[in-house]
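Peer 1: You'll find protein.cif just under this line, and it carries mmCIF, C-alpha atoms.
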data_model
loop_
_atom_site.label_atom_id
_atom_site.label_comp_id
_atom_site.auth_asym_id
_atom_site.auth_seq_id
_atom_site.Cartn_x
_atom_site.Cartn_y
_atom_site.Cartn_z
CA MET A 132 174.10 63.78 -98.67
CA ALA A 133 170.78 64.76 -97.20
CA ASN A 134 168.97 62.36 -99.48
CA LYS A 135 171.29 59.57 -98.48
CA ARG A 136 170.69 60.34 -94.82
CA MET A 137 166.92 60.28 -95.36
CA GLU A 138 167.21 56.99 -97.15
CA LEU A 139 169.25 55.50 -94.33
CA GLU A 140 166.83 56.82 -91.72
CA GLN A 141 164.05 54.82 -93.30
CA TYR A 142 165.91 51.71 -92.29
CA LYS A 143 166.38 52.77 -88.67
CA SER A 144 163.46 50.64 -87.67
CA PHE A 145 164.19 48.00 -90.24
CA ILE A 146 163.30 44.55 -89.08
CA SER A 147 164.80 41.52 -90.69
CA LEU A 148 162.48 38.59 -90.25
CA VAL A 149 165.29 36.31 -91.34
CA GLU A 150 167.52 37.52 -88.54
CA GLU A 151 164.71 37.25 -86.03
CA GLU A 152 163.93 33.69 -87.02
CA PRO A 153 164.48 31.60 -83.89
CA SER A 154 166.62 28.48 -83.94
CA ARG A 155 164.94 25.09 -84.35
CA LYS A 156 165.63 24.19 -80.74
CA MET A 157 163.98 27.35 -79.55
CA VAL A 158 161.00 26.85 -81.86
CA LYS A 159 160.51 23.32 -80.54
CA ARG A 160 160.75 24.48 -76.95
CA GLY A 161 158.40 27.41 -77.49
CA ALA A 162 155.77 25.33 -79.28
CA THR A 163 155.96 22.62 -76.59
CA ILE A 164 155.54 25.16 -73.80
CA ALA A 165 152.59 26.77 -75.59
CA LEU A 166 150.85 23.42 -76.01
CA ILE A 167 151.49 22.39 -72.42
CA ILE A 168 149.92 25.65 -71.27
CA SER A 169 146.90 25.06 -73.48
CA ILE A 170 146.48 21.53 -72.09
CA LEU A 171 146.72 22.95 -68.57
CA LEU A 172 144.07 25.50 -69.52
CA ALA A 173 141.82 22.67 -70.63
CA PHE A 174 142.36 20.89 -67.31
CA LEU A 175 141.68 24.11 -65.43
CA LEU A 176 138.37 24.43 -67.26
CA LEU A 177 137.64 20.82 -66.37
CA VAL A 178 138.24 21.50 -62.69
CA LEU A 179 136.14 24.67 -62.77
CA GLY A 180 133.43 22.77 -64.55
CA PHE A 181 133.45 20.08 -61.86
CA LEU A 182 133.16 22.74 -59.18
CA SER A 183 130.17 24.32 -60.88
CA VAL A 184 128.16 21.17 -61.46
CA GLU A 185 125.57 22.18 -58.88
CA LEU A 186 124.95 25.42 -60.71
CA ALA A 187 124.72 23.55 -63.99
CA ARG A 188 122.00 21.30 -62.56
CA ASN A 189 119.78 24.28 -61.86
CA PRO A 190 117.61 24.82 -64.95
CA LYS A 191 117.02 28.46 -64.00
CA ASN A 192 120.67 29.27 -63.45
CA ILE A 193 120.93 31.33 -66.63
CA ILE A 194 118.10 33.68 -65.76
CA GLU A 195 118.77 34.06 -62.05
CA LYS A 196 121.18 36.41 -60.43
CA PRO A 197 122.34 36.82 -56.85
CA GLY A 198 120.43 39.13 -54.56
CA SER A 199 121.66 42.68 -54.09
CA LYS A 200 124.16 43.25 -51.35
CA LYS A 201 124.38 45.95 -48.74
CA LYS A 202 127.89 47.17 -49.17
CA SER A 203 128.69 48.30 -45.67
CA GLU A 204 127.33 45.16 -44.12
CA ILE A 205 129.34 43.08 -46.48
CA ASP A 206 132.55 44.98 -45.95
CA ARG A 207 132.17 44.61 -42.20
CA ARG A 208 131.59 40.94 -42.44
CA VAL A 209 134.36 40.36 -44.95
CA ARG A 210 136.89 42.01 -42.70
CA GLY A 211 135.60 40.00 -39.80
CA GLU A 212 135.67 36.33 -39.12
CA TYR A 213 133.98 35.31 -42.32
CA ALA A 214 136.69 36.54 -44.64
CA ASN A 215 136.68 33.49 -46.85
CA ILE A 216 132.95 33.00 -47.23
CA PRO A 217 130.96 35.03 -49.76
CA CYS A 218 129.06 37.61 -47.76
CA PHE A 219 125.62 37.25 -49.08
CA ALA A 220 125.67 33.73 -47.76
CA PHE A 221 124.16 35.24 -44.66
CA GLU A 222 121.13 36.26 -46.55
CA PHE A 223 120.83 33.08 -48.55
CA PRO A 224 122.15 29.64 -47.69
CA LEU A 225 125.05 28.32 -49.68
CA SER A 226 124.34 25.82 -52.39
CA LEU A 227 125.83 22.39 -52.20
CA GLY A 228 129.21 21.87 -53.71
CA ALA A 229 130.06 25.45 -54.52
CA GLY A 230 130.22 26.90 -51.05
CA GLU A 231 133.87 26.40 -50.24
CA ASP A 232 135.27 27.55 -53.49
CA SER A 233 135.01 31.26 -53.57
CA LEU A 234 136.04 31.42 -57.23
CA ILE A 235 132.79 29.95 -58.35
CA ALA A 236 129.50 31.79 -58.45
CA PHE A 237 126.78 30.05 -56.53
CA ASP A 238 123.09 30.05 -56.70
CA SER A 239 121.91 32.05 -53.75
CA ARG A 240 118.31 31.08 -54.18
CA ARG A 241 118.76 27.47 -53.40
CA SER A 242 117.53 27.53 -49.85
CA ALA A 243 116.24 24.31 -48.34
CA SER A 244 112.68 25.56 -48.22
CA SER A 245 112.44 27.14 -51.59
CA GLN A 246 114.55 25.05 -53.92
CA PRO A 247 112.80 22.64 -56.23
CA PRO A 248 113.68 18.97 -55.85
CA LEU A 249 116.71 18.00 -57.86
CA PHE A 250 114.97 15.10 -59.52
CA GLN A 251 112.12 17.18 -60.79
CA GLU A 252 111.45 16.56 -64.45
CA PRO A 253 112.09 19.73 -66.46
CA GLY A 254 108.90 19.35 -68.48
CA GLU A 255 106.81 22.47 -68.35
CA VAL A 256 108.75 24.32 -65.69
CA LYS A 257 107.22 27.70 -65.11
CA ILE A 258 109.60 30.53 -64.74
CA THR A 259 108.37 32.37 -61.65
CA PRO A 260 110.86 34.98 -60.53
CA GLU A 261 111.04 35.12 -56.77
CA SER A 262 111.99 38.70 -56.35
CA PRO A 263 110.77 41.68 -58.26
CA LYS A 264 113.12 43.53 -60.57
CA THR A 265 115.52 40.63 -60.93
CA SER A 266 114.04 38.90 -63.92
CA PRO A 267 113.32 40.06 -67.43
CA ASN A 268 109.89 38.36 -67.15
CA GLU A 269 108.83 40.80 -64.45
CA GLU A 270 109.52 43.89 -66.52
CA SER A 271 107.82 42.53 -69.61
CA SER A 272 104.72 41.52 -67.64
CA ASP A 273 104.42 45.05 -66.21
CA LYS A 274 104.57 46.50 -69.67
CA ALA A 275 101.89 44.08 -70.82
CA LYS A 276 99.51 45.27 -68.09
CA THR A 277 99.76 48.92 -69.05
CA GLU A 278 99.30 48.32 -72.76
CA LYS A 279 95.91 47.56 -74.26
CA PRO A 280 95.26 43.88 -74.58
CA LYS A 281 96.18 43.04 -78.13
CA LYS A 282 96.78 39.76 -79.81
CA LYS A 283 98.94 37.79 -77.47
CA LYS A 284 102.19 36.98 -79.23
CA LYS A 285 103.62 33.69 -78.21
CA SER A 286 107.03 34.64 -76.86
CA LEU A 287 109.74 32.07 -76.47
CA PRO A 288 110.59 30.94 -72.96
CA LEU A 289 113.88 32.02 -71.47
CA GLN A 290 114.57 28.48 -70.40
CA THR A 291 115.48 25.93 -73.01
CA LYS A 292 114.26 22.36 -73.02
CA GLY A 293 115.69 19.01 -73.95
CA ALA A 294 119.12 19.14 -75.56
CA GLY A 295 119.05 22.91 -75.41
CA ASN A 296 119.24 22.95 -71.64
CA LEU A 297 122.49 22.35 -69.82
CA SER A 298 120.74 21.20 -66.67
CA ASN A 299 119.30 18.21 -68.55
CA LEU A 300 122.81 17.17 -69.46
CA ALA A 301 123.99 17.76 -65.90
CA ARG A 302 121.23 15.59 -64.47
CA SER A 303 121.58 12.77 -66.99
CA VAL A 304 123.70 9.63 -66.60
CA ASN A 305 123.12 9.44 -62.88
CA GLN A 306 123.72 13.16 -62.32
CA ARG A 307 127.14 12.95 -63.95
CA GLY A 308 126.34 13.96 -67.50
CA PHE A 309 128.09 17.32 -67.32
CA ASN A 310 131.16 15.77 -65.69
CA LEU A 311 131.40 13.16 -68.42
CA TYR A 312 130.95 15.77 -71.12
CA LEU A 313 133.84 17.82 -69.68
CA ILE A 314 136.05 14.76 -69.26
CA VAL A 315 135.53 13.66 -72.86
CA LEU A 316 136.37 17.09 -74.28
CA THR A 317 139.38 17.58 -72.01
CA ALA A 318 140.67 14.14 -72.90
CA ALA A 319 140.24 14.89 -76.61
CA LEU A 320 142.18 18.14 -76.29
CA ALA A 321 144.88 16.48 -74.18
CA VAL A 322 145.29 13.72 -76.76
CA ILE A 323 145.44 16.17 -79.66
CA GLY A 324 147.90 18.34 -77.76
CA GLY A 325 149.98 15.33 -76.83
CA ILE A 326 150.16 14.12 -80.42
CA ALA A 327 151.18 17.61 -81.53
CA ILE A 328 153.90 17.78 -78.86
CA GLY A 329 155.20 14.40 -80.01
CA ARG A 330 155.37 15.56 -83.61
CA ILE A 331 157.09 18.81 -82.62
CA ARG A 332 159.73 16.89 -80.70
CA LYS A 333 160.38 14.76 -83.75
CA GLY A 334 161.00 17.93 -85.72
CA LYS A 335 157.76 17.85 -87.74
CA TYR A 336 156.89 21.48 -87.19
CA ARG A 337 157.31 24.19 -89.83
CA MET B 6 157.88 34.55 -79.19
CA ARG B 7 160.18 31.56 -79.15
CA THR B 8 158.11 29.82 -81.76
CA LEU B 9 157.58 32.63 -84.19
CA GLY B 10 160.18 35.28 -83.52
CA ARG B 11 159.54 38.56 -81.76
CA SER B 12 157.92 40.60 -84.52
CA ARG B 13 155.72 37.81 -85.83
CA ALA B 14 154.61 36.87 -82.33
CA ARG B 15 153.65 40.48 -81.63
CA ALA B 16 151.76 40.61 -84.90
CA PHE B 17 149.86 37.46 -83.93
CA VAL B 18 148.97 38.74 -80.48
CA TYR B 19 148.02 42.29 -81.46
CA GLY B 20 146.26 41.18 -84.60
CA GLY B 21 144.33 38.56 -82.65
CA LEU B 22 143.52 41.07 -79.95
CA LEU B 23 142.11 43.58 -82.43
CA PHE B 24 140.24 40.94 -84.37
CA SER B 25 138.62 39.32 -81.33
CA LEU B 26 137.91 42.75 -79.82
CA ALA B 27 136.05 43.76 -82.96
CA ILE B 28 133.98 40.57 -82.93
CA GLU B 29 133.17 40.64 -79.21
CA THR B 30 132.36 44.34 -79.24
CA THR B 31 130.00 43.82 -82.16
CA PHE B 32 128.23 41.01 -80.30
CA VAL B 33 127.85 43.14 -77.17
CA VAL B 34 126.73 46.26 -79.04
CA ILE B 35 124.03 44.46 -81.03
CA GLY B 36 122.81 42.77 -77.87
CA LEU B 37 123.73 39.15 -78.52
CA LYS B 38 126.02 38.84 -75.54
CA ASN B 39 127.11 40.74 -72.47
CA PHE B 40 129.54 40.55 -69.60
CA TYR B 41 127.10 42.30 -67.29
CA TRP B 42 127.36 40.16 -64.19
CA TYR B 43 131.05 40.76 -63.91
CA SER B 44 131.00 44.26 -65.31
CA SER B 45 128.94 45.77 -62.54
CA ASN B 46 131.42 44.18 -60.17
CA ASN B 47 128.81 44.07 -57.47
CA TYR B 48 128.24 40.38 -57.46
CA TYR B 49 131.65 38.86 -57.46
CA LYS B 50 133.79 41.68 -56.21
CA HIS B 51 134.77 39.83 -53.07
CA TYR B 52 135.98 36.74 -54.89
CA PRO B 53 139.78 36.54 -55.32
CA LEU B 54 139.30 36.78 -59.08
CA GLY B 55 136.07 38.65 -58.71
CA GLY B 56 135.08 40.83 -61.60
CA TYR B 57 136.93 41.64 -64.73
CA ILE B 58 139.60 44.18 -63.92
CA ILE B 59 140.78 45.40 -67.30
CA TRP B 60 138.26 46.32 -69.93
CA LEU B 61 138.74 47.31 -73.53
CA GLY B 62 135.51 49.17 -74.12
CA VAL B 63 132.69 46.77 -73.35
CA VAL B 64 134.79 43.62 -73.49
CA PRO B 65 137.06 42.36 -70.71
CA LEU B 66 140.67 41.70 -71.58
CA ALA B 67 140.40 38.22 -70.07
CA ALA B 68 137.90 37.13 -72.72
CA LEU B 69 140.21 38.35 -75.49
CA LEU B 70 143.25 36.65 -73.98
CA LEU B 71 141.32 33.39 -73.84
CA TRP B 72 140.58 33.75 -77.54
CA ILE B 73 144.24 34.46 -78.33
CA MET B 74 145.43 31.45 -76.32
CA VAL B 75 142.95 29.19 -78.08
CA ALA B 76 143.88 30.59 -81.50
CA ALA B 77 147.60 30.28 -80.81
CA SER B 78 147.42 26.69 -79.63
CA SER B 79 145.12 25.78 -82.54
CA TYR B 80 147.62 27.36 -84.91
CA ILE B 81 150.57 25.44 -83.45
CA ILE B 82 148.68 22.14 -83.42
CA SER B 83 147.57 22.53 -87.04
CA GLU B 84 151.10 23.47 -88.10
CA SER B 85 152.51 20.33 -86.50
CA MET B 86 149.73 17.97 -87.61
CA ALA B 87 149.23 19.14 -91.21
CA ARG B 88 152.54 20.67 -92.16
CA LYS B 89 152.48 19.45 -95.75
CA TRP B 90 148.93 20.52 -96.52
CA ASN B 91 147.94 23.87 -97.91
CA GLU B 92 147.14 26.85 -95.72
CA TYR B 93 143.37 26.50 -96.17
CA VAL B 94 143.31 22.95 -94.80
CA ARG B 95 145.57 23.93 -91.92
CA SER B 96 143.29 26.84 -91.09
CA LEU B 97 140.27 24.53 -91.18
CA ILE B 98 142.03 22.28 -88.68
CA SER B 99 142.81 25.32 -86.51
CA GLY B 100 139.16 26.31 -86.57
CA SER B 101 138.06 22.79 -85.61
CA ILE B 102 140.44 22.63 -82.65
CA ALA B 103 139.28 26.05 -81.47
CA LEU B 104 135.69 24.80 -81.72
CA VAL B 105 136.48 21.87 -79.40
CA PHE B 106 138.13 24.27 -76.97
CA TYR B 107 135.10 26.49 -76.88
CA LEU B 108 132.75 23.52 -76.50
CA LEU B 109 134.65 22.99 -73.26
CA ALA B 110 134.92 26.64 -72.20
CA GLU B 111 131.41 27.89 -73.04
CA PRO B 112 129.35 25.73 -70.65
CA VAL B 113 131.77 26.51 -67.82
CA GLY B 114 131.69 30.22 -68.61
CA ILE B 115 127.93 30.36 -68.99
CA THR B 116 127.29 28.40 -65.78
CA ASN B 117 129.52 30.77 -63.80
CA HIS B 118 128.12 33.84 -65.58
CA TRP B 119 131.45 34.95 -66.93
CA TRP B 120 129.33 36.03 -69.88
CA VAL B 121 125.66 35.80 -70.74
CA TRP B 122 124.19 35.06 -74.15
CA ASN B 123 121.18 37.29 -74.67
CA ALA B 124 120.29 36.28 -78.21
CA LYS B 125 117.05 34.72 -79.27
CA SER B 126 118.47 31.71 -81.06
CA LEU B 127 118.88 27.96 -81.20
CA TYR B 128 120.71 26.76 -78.13
CA PHE B 129 122.56 23.55 -77.44
CA ILE B 130 123.28 22.97 -73.72
CA ASP B 131 122.69 26.70 -73.24
CA ILE B 132 125.33 27.58 -75.83
CA PRO B 133 124.02 29.38 -78.91
CA VAL B 134 124.95 27.31 -81.93
CA PHE B 135 125.90 30.41 -83.92
CA SER B 136 128.63 31.22 -81.37
CA LEU B 137 130.34 27.91 -82.05
CA ILE B 138 130.14 28.50 -85.79
CA CYS B 139 131.51 32.01 -85.26
CA VAL B 140 134.47 30.69 -83.24
CA PHE B 141 135.27 28.23 -86.03
CA PHE B 142 135.20 30.86 -88.75
CA ALA B 143 136.96 33.51 -86.66
CA VAL B 144 139.93 31.25 -85.95
CA PHE B 145 139.86 30.00 -89.55
CA PHE B 146 140.08 33.51 -90.97
CA SER B 147 142.60 34.86 -88.49
CA THR B 148 145.01 31.94 -88.80
CA LEU B 149 144.65 31.91 -92.58
CA ILE B 150 145.48 35.61 -92.82
CA PHE B 151 148.40 35.24 -90.40
CA ARG B 152 149.83 32.28 -92.30
CA THR B 153 149.51 33.77 -95.74
CA THR B 154 150.55 37.31 -94.84
CA ILE B 155 153.09 37.14 -92.02
CA MET B 156 154.52 33.64 -92.26
CA GLU B 157 154.45 32.83 -95.96
CA ARG B 158 154.09 36.38 -97.34
CA LYS B 159 151.87 35.38 -100.22
CA ASP B 160 149.70 37.41 -102.53
CA LEU B 161 146.13 36.18 -102.37
CA SER B 162 144.50 36.12 -105.81
CA ILE B 163 141.03 36.53 -104.26
CA LEU B 164 142.07 39.82 -102.72
CA SER B 165 144.34 41.15 -105.43
CA ALA B 166 141.70 43.37 -107.08
CA ILE B 167 140.68 45.00 -103.80
CA GLU B 168 144.24 45.37 -102.58
CA GLN B 169 145.56 46.92 -105.76
CA ASN B 170 142.91 49.64 -105.76
CA THR B 171 142.95 50.44 -102.05
CA LEU B 172 145.77 49.10 -99.96
CA ARG B 173 148.61 49.27 -102.47
CA LYS B 174 147.57 52.67 -103.80
CA PHE B 175 146.89 54.59 -100.63
CA ILE B 176 148.30 52.78 -97.64
CA VAL B 177 151.32 50.71 -98.57
CA LYS B 178 152.11 52.77 -101.68
CA SER B 179 154.02 49.96 -103.29
CA LYS B 180 153.29 47.57 -106.12
CA ARG B 181 155.92 45.09 -105.06
CA ALA B 182 154.94 41.53 -104.29
CA THR B 183 154.06 40.85 -100.65
CA LYS B 184 157.24 38.82 -100.11
CA ASN B 185 159.32 41.86 -101.05
CA LEU B 186 157.64 44.34 -98.74
CA THR B 187 159.31 45.73 -95.63
CA TRP B 188 158.07 44.67 -92.24
CA ALA B 189 156.20 47.96 -91.70
CA GLN B 190 154.39 47.54 -95.02
CA LEU B 191 153.69 43.88 -94.31
CA ARG B 192 152.03 44.84 -91.03
CA ARG B 193 149.69 47.18 -92.86
CA VAL B 194 148.82 44.45 -95.34
CA TYR B 195 148.11 42.12 -92.39
CA LEU B 196 145.83 44.63 -90.68
CA PHE B 197 144.04 45.34 -93.94
CA ARG B 198 143.44 41.64 -94.55
CA LEU B 199 142.25 41.19 -90.97
CA MET B 200 139.77 43.96 -91.53
CA LEU B 201 138.56 42.23 -94.67
CA SER B 202 138.27 38.99 -92.69
CA TYR B 203 136.12 40.77 -90.14
CA VAL B 204 133.82 41.96 -92.90
CA SER B 205 133.75 38.46 -94.43
CA LEU B 206 132.96 36.96 -91.04
CA ALA B 207 130.11 39.44 -90.59
CA LEU B 208 128.72 38.54 -94.01
CA VAL B 209 128.94 34.83 -93.23
CA MET B 210 127.47 35.09 -89.74
CA ALA B 211 124.57 37.47 -90.43
CA PRO B 212 122.45 34.94 -92.36
CA ILE B 213 123.42 32.18 -89.92
CA ILE B 214 122.29 34.24 -86.94
CA ALA B 215 119.09 35.16 -88.80
CA ALA B 216 118.45 31.50 -89.65
CA PHE B 217 118.92 30.41 -86.05
CA TRP B 218 116.71 33.30 -84.91
CA SER B 219 113.91 31.83 -86.97
CA VAL B 220 114.27 28.39 -85.37
CA ALA B 221 115.08 29.69 -81.89
CA ASN B 222 114.35 27.61 -78.82
CA ARG B 223 115.14 30.34 -76.31
CA GLY B 224 113.90 33.90 -76.14
CA HIS B 225 115.78 37.16 -75.87
CA ILE B 226 117.26 38.08 -72.49
CA LYS B 227 117.64 41.82 -72.16
CA PRO B 228 121.24 42.97 -72.05
CA GLY B 229 122.27 44.52 -68.79
CA TRP B 230 119.77 42.49 -66.82
#
Re-express the file's structure as structure tokens.

Peer 2:
Amino acid sequence: MANKRMELEQYKSFISLVEEEPSRKMVKRGATIALIISILLAFLLLVLGFLSVELARNPKNIIEKPGSKKKSEIDRRVRGEYANIPCFAFEFPLSLGAGEDSLIAFDSRRSASSQPPLFQEPGEVKITPESPKTSPNEESSDKAKTEKPKKKKKSLPLQTKGAGNLSNLARSVNQRGFNLYLIVLTAALAVIGGIAIGRIRKGKYR
Amino acid sequence: MRTLGRSRARAFVYGGLLFSLAIETTFVVIGLKNFYWYSSNNYYKHYPLGGYIIWLGVVPLAALLLWIMVAASSYIISESMARKWNEYVRSLISGSIALVFYLLAEPVGITNHWWVWNAKSLYFIDIPVFSLICVFFAVFFSTLIFRTTIMERKDLSILSAIEQNTLRKFIVKSKRATKNLTWAQLRRVYLFRLMLSYVSLALVMAPIIAAFWSVANRGHIKPGW
């Protein structure tokens, strides 16, 4: 009796995959919903990409970071009349195009006086960090000073060139390269998703 | 859940979560990638979606969920488009679709500093080429293992020697064919095969990363900077 009970207990958490198998209608509906969500995700990425074009055009975007914030000052200002504007905008002017959308990070260093012209050729752009302690270049150059001068190893720049740099794409095709790139990929995904949805509706799934 | 059934859907999600967590954690730990800007939560804390809220170790949950969504939609698309082809071809199609997805997501993520690629490597529009190859193979392996283990319950001849001496002996404790295993045993087989996929992915990616390191066009950015 005890052995029988033990044997039956093993099947307490028994799962029958056959019983769990959803009906065809439910499978179709579920697959369609999943694909619609993925297409919406692609469109969301497209919209976010469009909103961050200004950042993409900055060749130093990857190696820059926003300035440090003073927490109390920020909290005060956030609670005040500037609730919807990122607080460190008061220290640095907002960049074009990204200012109103608080979801998107913006380049705080693009002040009118200090920003390089947008149409500057990338070429041999020197990476000159504007503030100390905010760039990996700064730390490595300090180390180099303290060490004895040895053979100078040619280290790779932190900014890519040509096809390796996103800003070159963003500034190509009349400043719309990045937008076109996103549109093409989103369209491709939407088409593939649409074809898949069509086939699922016809019953050509599993 | 509607598409696969409750247990299979859970297996897909949890398996994908563990698999992508392992990959992302490895990348962060060896210094190829980091989520620093959002981890410190100082920079984007005031944004409505500012900062990653839930972390699994050094990887935000959001990044893993993105991977799962991409893998799931790639799986469904490949199942509908190439239903009559074998599981390897369908998995290749899944990997390709995931690659297109990440070609869209990576530039947006990198521009907004959702993550930062630190690696010294060959970059294409500020995306390391090895990351795209890794996405392809990761989705290929994970969907292949899911198809063959959970959906079709097949025995893989490539893995039979390893499984007989390890998994079947010590973990599953059964010599029955995979299609005759209980759900609990099948889950263990799935996790074991995912673990093997992770090792295979690491073996595939290591020389690729090394090769791209040698032809790098961008230097190493320190993690945590």

Peer 1: Find the residues near B:Phe106: any atom within 8 Å, counting only C-alpha atoms, skip ones fewer than 2 places away on the same chain, and give them as a list in words.

Peer 2: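 Skipping anything fewer than 2 positions along the chain leaves Ala173, Leu316 and Leu320 of chain A; Val75, Ile102, Ala103, Leu104, Leu108, Leu109 and Ala110 of chain B.
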
Peer 1: Using the chain letters and residue numbers of this document, give as a ChimeraX atom specification the residues selected by the PyMOL selection byres ((chain B and resi 107) around 12).

Peer 2: /A:172-173,176,313,316-317,320 /B:68,71-72,74-76,79,100-106,108-115,132-134,136-141,144

Peer 1: Going by the chain IDs and residue numbers used in this file, which residues fall under the PyMOL selection byres ((chain B and resi 155) around 12)? Write them as a count of residues only.

Peer 2: 39

Peer 1: For B:Ala221, please output as a ChimeraX atom specification all residues within 8 Å (counting only C-alpha atoms; exclusion window: fewer than 2 positions along the same chain).

Peer 2: /A:287 /B:125-128,217-219,223-224

Peer 1: Save the residues we just selected, C-alpha atoms, as an mmCIF file, in the frame of the given file?

Peer 2:
data_model
loop_
_atom_site.group_PDB
_atom_site.id
_atom_site.type_symbol
_atom_site.label_atom_id
_atom_site.label_comp_id
_atom_site.auth_asym_id
_atom_site.auth_seq_id
_atom_site.Cartn_x
_atom_site.Cartn_y
_atom_site.Cartn_z
ATOM 1 C CA LEU A 287 109.740 32.070 -76.470
ATOM 2 C CA LYS B 125 117.050 34.720 -79.270
ATOM 3 C CA SER B 126 118.470 31.710 -81.060
ATOM 4 C CA LEU B 127 118.880 27.960 -81.200
ATOM 5 C CA TYR B 128 120.710 26.760 -78.130
ATOM 6 C CA PHE B 217 118.920 30.410 -86.050
ATOM 7 C CA TRP B 218 116.710 33.300 -84.910
ATOM 8 C CA SER B 219 113.910 31.830 -86.970
ATOM 9 C CA ARG B 223 115.140 30.340 -76.310
ATOM 10 C CA GLY B 224 113.900 33.900 -76.140
#

Peer 1: Any chance you could resolve the PyMOL selection byres ((chain A) within 6 of (chain B)) against this file and give the residues as a list of chain:residue names?

Peer 2: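 Output of the PyMOL selection byres ((chain A) within 6 of (chain B)): A:Glu151, A:Glu152, A:Pro153, A:Met157, A:Val158, A:Gly161, A:Ala162, A:Leu166, A:Gly180, A:Ala187, A:Ser233, A:Leu234, A:Ala236, A:Leu287, A:Pro288, A:Leu289, A:Thr291, A:Ala294, A:Gly295, A:Asn296, A:Leu297, A:Ala327, A:Lys335, A:Tyr336.
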
Peer 1: Could you work out how far atom CA of B:Ile73 lies from atom CA of B:Ser162, giving the answer in Å with one decimal?

Peer 2: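 The value is 27.5 Å.
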
Peer 1: Expressed in Å to a single decimal, how great is the separation between atom CA of A:Ile328 and atom CA of B:Gly21?

Peer 2: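 These two atoms are separated by 23.2 Å.
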
Peer 1: Rounded to one decimal, what separation in Å do you get between atom CA of B:Leu206 and atom CA of B:Phe142?

Peer 2: 6.9 Å

Peer 1: Choose the residue, out of A:Val304, A:Ile170, A:Leu177, A:Ile194, that has the smallest atom-to-atom separation from A:Gly324; count all atoms listed in the file.

Peer 2: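 Of A:Val304, A:Ile170, A:Leu177, A:Ile194, the one nearest A:Gly324 is A:Ile170, counting all atoms listed in the file.
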
Peer 1: My list of candidates is A:Ala318, A:Arg155, A:Ser298, A:Asn305. Which is closest to A:Asn189 when distances are computed with all atoms listed in the file?

Peer 2: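 Answer, going by the shortest atom-to-atom distance: A:Ser298.
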